[in-house]
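Asker: What follows is target15.cif, mmCIF, C-alpha atoms and all ligand atoms.
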```cif
data_work
loop_
_atom_site.group_PDB
_atom_site.id
_atom_site.type_symbol
_atom_site.label_atom_id
_atom_site.label_comp_id
_atom_site.auth_asym_id
_atom_site.auth_seq_id
_atom_site.Cartn_x
_atom_site.Cartn_y
_atom_site.Cartn_z
ATOM 1 C CA MET S 1 0.000 0.000 0.000
ATOM 2 C CA ARG S 2 1.395 3.398 -0.995
ATOM 3 C CA ILE S 3 0.298 6.545 0.794
ATOM 4 C CA LEU S 4 1.354 10.075 -0.107
ATOM 5 C CA VAL S 5 1.312 12.809 2.542
ATOM 6 C CA ILE S 6 1.083 16.363 1.193
ATOM 7 C CA ASN S 7 1.686 19.462 3.305
ATOM 8 C CA GLY S 8 1.000 22.979 2.105
ATOM 9 C CA PRO S 9 2.555 26.410 2.652
ATOM 10 C CA ASN S 10 4.477 27.324 5.798
ATOM 11 C CA LEU S 11 4.098 23.917 7.430
ATOM 12 C CA ASN S 12 7.867 23.526 6.907
ATOM 13 C CA LEU S 13 8.185 26.275 9.551
ATOM 14 C CA LEU S 14 6.280 24.401 12.258
ATOM 15 C CA GLY S 15 7.665 24.979 15.726
ATOM 16 C CA LEU S 16 8.953 28.438 14.866
ATOM 17 C CA ARG S 17 5.939 30.461 16.050
ATOM 18 C CA GLU S 18 2.348 30.126 17.325
ATOM 19 C CA PRO S 19 3.049 27.060 19.515
ATOM 20 C CA ASP S 20 -0.327 27.647 21.203
ATOM 21 C CA ILE S 21 -2.021 26.848 17.861
ATOM 22 C CA TYR S 22 0.350 24.402 16.138
ATOM 23 C CA GLY S 23 2.422 22.980 19.005
ATOM 24 C CA SER S 24 6.138 23.308 19.584
ATOM 25 C CA GLN S 25 7.421 20.382 17.523
ATOM 26 C CA ASP S 26 9.043 21.098 14.164
ATOM 27 C CA TYR S 27 8.415 19.739 10.664
ATOM 28 C CA ALA S 28 11.203 17.153 10.971
ATOM 29 C CA ALA S 29 9.431 15.729 14.035
ATOM 30 C CA LEU S 30 6.199 15.416 12.028
ATOM 31 C CA CYS S 31 8.050 13.597 9.222
ATOM 32 C CA GLY S 32 9.714 11.296 11.774
ATOM 33 C CA LEU S 33 6.355 10.435 13.328
ATOM 34 C CA LEU S 34 4.899 9.630 9.901
ATOM 35 C CA ARG S 35 7.897 7.469 8.922
ATOM 36 C CA ARG S 36 7.688 5.506 12.192
ATOM 37 C CA THR S 37 3.946 4.992 11.637
ATOM 38 C CA ALA S 38 4.588 3.679 8.117
ATOM 39 C CA GLN S 39 7.310 1.326 9.348
ATOM 40 C CA GLN S 40 5.084 -0.042 12.135
ATOM 41 C CA ASP S 41 2.209 -0.610 9.723
ATOM 42 C CA GLY S 42 4.320 -1.977 6.855
ATOM 43 C CA ILE S 43 3.227 0.593 4.292
ATOM 44 C CA GLU S 44 5.144 2.726 1.783
ATOM 45 C CA LEU S 45 4.792 6.382 2.641
ATOM 46 C CA SER S 46 6.163 9.422 0.872
ATOM 47 C CA ILE S 47 6.039 12.964 2.174
ATOM 48 C CA PHE S 48 5.832 16.129 0.066
ATOM 49 C CA GLN S 49 5.756 19.747 1.223
ATOM 50 C CA SER S 50 5.447 22.830 -0.941
ATOM 51 C CA ASN S 51 4.670 26.509 -0.578
ATOM 52 C CA HIS S 52 3.387 26.620 -4.178
ATOM 53 C CA GLU S 53 -0.151 25.758 -5.240
ATOM 54 C CA GLY S 54 0.812 24.510 -8.726
ATOM 55 C CA ASP S 55 3.488 22.215 -7.304
ATOM 56 C CA ILE S 56 0.881 20.643 -5.034
ATOM 57 C CA VAL S 57 -1.426 20.157 -8.036
ATOM 58 C CA ASP S 58 1.492 18.548 -9.944
ATOM 59 C CA GLU S 59 2.210 16.187 -7.042
ATOM 60 C CA ILE S 60 -1.442 15.102 -6.843
ATOM 61 C CA GLN S 61 -1.420 14.445 -10.606
ATOM 62 C CA LYS S 62 1.824 12.425 -10.323
ATOM 63 C CA ALA S 63 0.173 10.208 -7.709
ATOM 64 C CA TYR S 64 -2.337 8.951 -10.291
ATOM 65 C CA GLY S 65 -1.778 5.225 -10.870
ATOM 66 C CA VAL S 66 1.052 5.230 -8.314
ATOM 67 C CA CYS S 67 -0.457 5.921 -4.885
ATOM 68 C CA ASP S 68 -3.397 4.213 -3.208
ATOM 69 C CA GLY S 69 -4.238 7.037 -0.827
ATOM 70 C CA ILE S 70 -3.452 10.664 -0.040
ATOM 71 C CA VAL S 71 -3.271 12.455 3.305
ATOM 72 C CA ILE S 72 -3.378 16.194 2.707
ATOM 73 C CA ASN S 73 -3.016 19.299 4.815
ATOM 74 C CA PRO S 74 -3.256 22.053 2.191
ATOM 75 C CA ALA S 75 -2.673 24.675 4.950
ATOM 76 C CA ALA S 76 -3.851 28.132 3.761
ATOM 77 C CA TYR S 77 -4.747 26.699 0.323
ATOM 78 C CA THR S 78 -7.468 24.723 2.103
ATOM 79 C CA HIS S 79 -9.560 27.857 2.150
ATOM 80 C CA THR S 80 -8.792 29.206 -1.329
ATOM 81 C CA SER S 81 -7.765 26.533 -3.804
ATOM 82 C CA VAL S 82 -10.274 25.201 -6.286
ATOM 83 C CA ALA S 83 -7.238 23.930 -8.270
ATOM 84 C CA ILE S 84 -6.283 21.510 -5.472
ATOM 85 C CA LEU S 85 -9.924 20.429 -5.116
ATOM 86 C CA ASP S 86 -10.126 19.772 -8.874
ATOM 87 C CA ALA S 87 -6.839 17.817 -8.863
ATOM 88 C CA LEU S 88 -8.054 15.573 -6.020
ATOM 89 C CA LYS S 89 -11.310 14.999 -7.884
ATOM 90 C CA ALA S 90 -9.490 14.344 -11.177
ATOM 91 C CA VAL S 91 -7.208 11.604 -9.828
ATOM 92 C CA ALA S 92 -10.003 10.188 -7.631
ATOM 93 C CA ILE S 93 -7.498 8.737 -5.161
ATOM 94 C CA PRO S 94 -9.092 8.325 -1.708
ATOM 95 C CA ALA S 95 -7.902 11.334 0.291
ATOM 96 C CA VAL S 96 -8.100 12.335 3.955
ATOM 97 C CA GLU S 97 -7.791 15.976 5.042
ATOM 98 C CA VAL S 98 -5.784 16.913 8.141
ATOM 99 C CA HIS S 99 -5.479 20.153 10.101
ATOM 100 C CA ILE S 100 -3.247 20.452 13.126
ATOM 101 C CA SER S 101 -5.459 23.137 14.641
ATOM 102 C CA ASP S 102 -9.191 23.082 15.206
ATOM 103 C CA VAL S 103 -10.106 25.191 12.178
ATOM 104 C CA SER S 104 -13.804 25.098 13.110
ATOM 105 C CA SER S 105 -13.150 27.297 16.148
ATOM 106 C CA ARG S 106 -10.938 29.826 14.334
ATOM 107 C CA GLU S 107 -11.559 32.809 12.002
ATOM 108 C CA PRO S 108 -14.539 32.820 9.609
ATOM 109 C CA PHE S 109 -12.236 32.611 6.543
ATOM 110 C CA ARG S 110 -10.994 29.214 7.793
ATOM 111 C CA GLN S 111 -14.513 27.765 7.858
ATOM 112 C CA ILE S 112 -14.523 26.816 4.190
ATOM 113 C CA SER S 113 -12.443 23.890 2.968
ATOM 114 C CA TYR S 114 -12.329 23.346 -0.780
ATOM 115 C CA ALA S 115 -9.975 20.337 -0.602
ATOM 116 C CA GLY S 116 -12.212 18.811 2.058
ATOM 117 C CA MET S 117 -14.992 18.550 -0.534
ATOM 118 C CA ALA S 118 -12.951 15.832 -2.284
ATOM 119 C CA CYS S 119 -11.928 14.003 0.915
ATOM 120 C CA ILE S 120 -13.537 10.982 2.538
ATOM 121 C CA LYS S 121 -12.685 12.186 6.068
ATOM 122 C CA THR S 122 -11.235 15.173 7.965
ATOM 123 C CA TYR S 123 -9.184 15.245 11.162
ATOM 124 C CA ALA S 124 -8.744 18.672 12.770
ATOM 125 C CA GLY S 125 -7.538 19.887 16.130
ATOM 126 C CA LEU S 126 -5.643 16.730 17.061
ATOM 127 C CA GLY S 127 -2.150 18.107 16.495
ATOM 128 C CA PHE S 128 0.314 15.751 14.801
ATOM 129 C CA ASP S 129 -1.768 12.761 15.909
ATOM 130 C CA GLY S 130 -4.345 13.761 13.281
ATOM 131 C CA TYR S 131 -1.865 12.638 10.596
ATOM 132 C CA VAL S 132 -1.390 9.238 12.247
ATOM 133 C CA GLN S 133 -5.146 8.805 12.514
ATOM 134 C CA ALA S 134 -5.569 9.829 8.869
ATOM 135 C CA VAL S 135 -2.977 7.275 7.689
ATOM 136 C CA ARG S 136 -4.643 4.545 9.770
ATOM 137 C CA TYR S 137 -8.117 5.496 8.523
ATOM 138 C CA LEU S 138 -6.893 5.247 4.919
ATOM 139 C CA GLU S 139 -5.206 1.877 5.583
ATOM 140 C CA LYS S 140 -8.470 0.463 6.976
ATOM 141 C CA TYR S 141 -10.526 2.016 4.171
ATOM 142 C CA LEU S 142 -8.229 0.651 1.447
ATOM 143 C CA ASN S 143 -7.982 -2.808 3.037
ATOM 144 C CA GLU S 144 -11.765 -3.038 3.294
ATOM 145 C CA LYS S 145 -12.128 -1.927 -0.346
ATOM 146 C CA LYS S 146 -9.769 -4.729 -1.437
ATOM 147 C CA ASN S 147 -11.895 -7.498 0.148
HETATM 148 O O1 LIG F 201 -4.298 23.732 11.289
HETATM 149 C C1 LIG F 201 -3.736 23.492 10.219
HETATM 150 O O2 LIG F 201 -3.087 22.480 10.016
HETATM 151 C C2 LIG F 201 -3.788 24.538 9.101
HETATM 152 O O3 LIG F 201 -3.913 23.827 7.869
HETATM 153 C C3 LIG F 201 -2.491 25.304 9.164
HETATM 154 C C4 LIG F 201 -2.413 26.476 8.186
HETATM 155 C C5 LIG F 201 -3.669 27.346 8.273
HETATM 156 O O4 LIG F 201 -3.645 28.327 7.250
HETATM 157 C C6 LIG F 201 -4.938 26.525 8.160
HETATM 158 O O5 LIG F 201 -6.047 27.391 8.295
HETATM 159 C C7 LIG F 201 -4.988 25.456 9.218
HETATM 160 C C8 LIG F 201 -1.199 27.360 8.469
HETATM 161 C C9 LIG F 201 0.124 26.671 8.599
HETATM 162 C C10 LIG F 201 1.119 27.691 9.065
HETATM 163 O O6 LIG F 201 2.090 27.073 9.854
HETATM 164 C C11 LIG F 201 2.869 27.874 10.632
HETATM 165 C C12 LIG F 201 4.159 27.462 10.825
HETATM 166 C C13 LIG F 201 5.005 28.205 11.615
HETATM 167 C C14 LIG F 201 4.565 29.354 12.228
HETATM 168 C C15 LIG F 201 3.276 29.759 12.048
HETATM 169 C C16 LIG F 201 2.431 29.025 11.254
#
```
Just dump the structure as structure tokens.
Answerer:
Amino acid sequence: MRILVINGPNLNLLGLREPDIYGSQDYAALCGLLRRTAQQDGIELSIFQSNHEGDIVDEIQKAYGVCDGIVINPAAYTHTSVAILDALKAVAIPAVEVHISDVSSREPFRQISYAGMACIKTYAGLGFDGYVQAVRYLEKYLNEKKN
């Protein structure tokens, strides 16, 4: 099983500021957690981060026919990007949306998620653990689909 994790703009700076919202661990710690999860579960996992909308669209397109599932935190593009929504719909790879913070209790402009409209599930407000839960949800979903 191959799962691709995509992180959007500024998530590479995790740990630098706003620890009350995003925690104090850095991006390398998030990648380490994801790699350990993949090793424990015996899955192939790749991680991609970009600050550029088009690069995220390209990565989603490249996953077509290669990856079984996508975990995506589009960060600020969550609330603006129809292009990422369309790419997720175009490849039709089961995708799970993750947000470190509880976006539902934040500013009004964070209440819309375009990418979420193409996702089978959303985890928000669970910190880094939301990514682990998203990977595990996808594993279960894909295994059940196989049988
Ligand atoms: O809660 C999340 O995971 C978000 O996707 C994070 C985005 C935000 O725009 C979304 O509304 C919710 C922002 C990521 C910015 O990360 C930072 C990294 C270092 C310092 C400050 C912010």
Asker: Using all atoms listed in the file for the distances, tell me which of S:Cys67, S:Leu142, S:Ile3, S:Leu16 is nearest to ligand LIG 201 (chain F).
Answerer: S:Leu16
Asker: Name each residue within 7 Å of ligand LIG 201 (chain F), counting all atoms listed in the file, as JSON, numbers by chain.
Answerer: {"S": [9, 10, 11, 12, 13, 14, 15, 16, 17, 18, 22, 73, 74, 75, 76, 78, 98, 99, 100, 101, 102, 103, 110, 124, 125]}
Asker: Would you export the selected residues with C-alpha atoms as a tab-separated table (two decimals), in the coordinates of the input, please?
Answerer:
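The result, written out as selection38.tsv:
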```tsv
chain	number	residue	atom	x	y	z
S	9	PRO	CA	2.56	26.41	2.65
S	10	ASN	CA	4.48	27.32	5.80
S	11	LEU	CA	4.10	23.92	7.43
S	12	ASN	CA	7.87	23.53	6.91
S	13	LEU	CA	8.18	26.28	9.55
S	14	LEU	CA	6.28	24.40	12.26
S	15	GLY	CA	7.66	24.98	15.73
S	16	LEU	CA	8.95	28.44	14.87
S	17	ARG	CA	5.94	30.46	16.05
S	18	GLU	CA	2.35	30.13	17.32
S	22	TYR	CA	0.35	24.40	16.14
S	73	ASN	CA	-3.02	19.30	4.82
S	74	PRO	CA	-3.26	22.05	2.19
S	75	ALA	CA	-2.67	24.68	4.95
S	76	ALA	CA	-3.85	28.13	3.76
S	78	THR	CA	-7.47	24.72	2.10
S	98	VAL	CA	-5.78	16.91	8.14
S	99	HIS	CA	-5.48	20.15	10.10
S	100	ILE	CA	-3.25	20.45	13.13
S	101	SER	CA	-5.46	23.14	14.64
S	102	ASP	CA	-9.19	23.08	15.21
S	103	VAL	CA	-10.11	25.19	12.18
S	110	ARG	CA	-10.99	29.21	7.79
S	124	ALA	CA	-8.74	18.67	12.77
S	125	GLY	CA	-7.54	19.89	16.13
```
Asker: My list of candidates is S:Met1, S:Val82, S:Leu45, S:Ala118. Which is closest to S:Glu97 when distances are computed with only C-alpha atoms?
Answerer: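 The shortest atom-to-atom distance to S:Glu97 comes from S:Ala118.
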Asker: Given the file above and the PyMOL selection byres (((chain S and resi 28) around 12) and not hetatm), which residues are selected, and can you give them as a PDB file with C-alpha atoms, in the coordinates of the input?
Answerer:
```pdb
ATOM      1  CA  LEU S  11       4.098  23.917   7.430  1.00  0.00           C
ATOM      2  CA  ASN S  12       7.867  23.526   6.907  1.00  0.00           C
ATOM      3  CA  LEU S  13       8.185  26.275   9.551  1.00  0.00           C
ATOM      4  CA  LEU S  14       6.280  24.401  12.258  1.00  0.00           C
ATOM      5  CA  GLY S  15       7.665  24.979  15.726  1.00  0.00           C
ATOM      6  CA  SER S  24       6.138  23.308  19.584  1.00  0.00           C
ATOM      7  CA  GLN S  25       7.421  20.382  17.523  1.00  0.00           C
ATOM      8  CA  ASP S  26       9.043  21.098  14.164  1.00  0.00           C
ATOM      9  CA  TYR S  27       8.415  19.739  10.664  1.00  0.00           C
ATOM     10  CA  ALA S  29       9.431  15.729  14.035  1.00  0.00           C
ATOM     11  CA  LEU S  30       6.199  15.416  12.028  1.00  0.00           C
ATOM     12  CA  CYS S  31       8.050  13.597   9.222  1.00  0.00           C
ATOM     13  CA  GLY S  32       9.714  11.296  11.774  1.00  0.00           C
ATOM     14  CA  LEU S  33       6.355  10.435  13.328  1.00  0.00           C
ATOM     15  CA  LEU S  34       4.899   9.630   9.901  1.00  0.00           C
ATOM     16  CA  ARG S  35       7.897   7.469   8.922  1.00  0.00           C
ATOM     17  CA  ILE S  47       6.039  12.964   2.174  1.00  0.00           C
ATOM     18  CA  GLN S  49       5.756  19.747   1.223  1.00  0.00           C
ATOM     19  CA  PHE S 128       0.314  15.751  14.801  1.00  0.00           C
TER      20      PHE S 128
END
```
Asker: Quote the spacing between atom CA of S:Ile93 and atom CA of S:Gln111 in Å to one decimal place.
Answerer: 24.1 Å
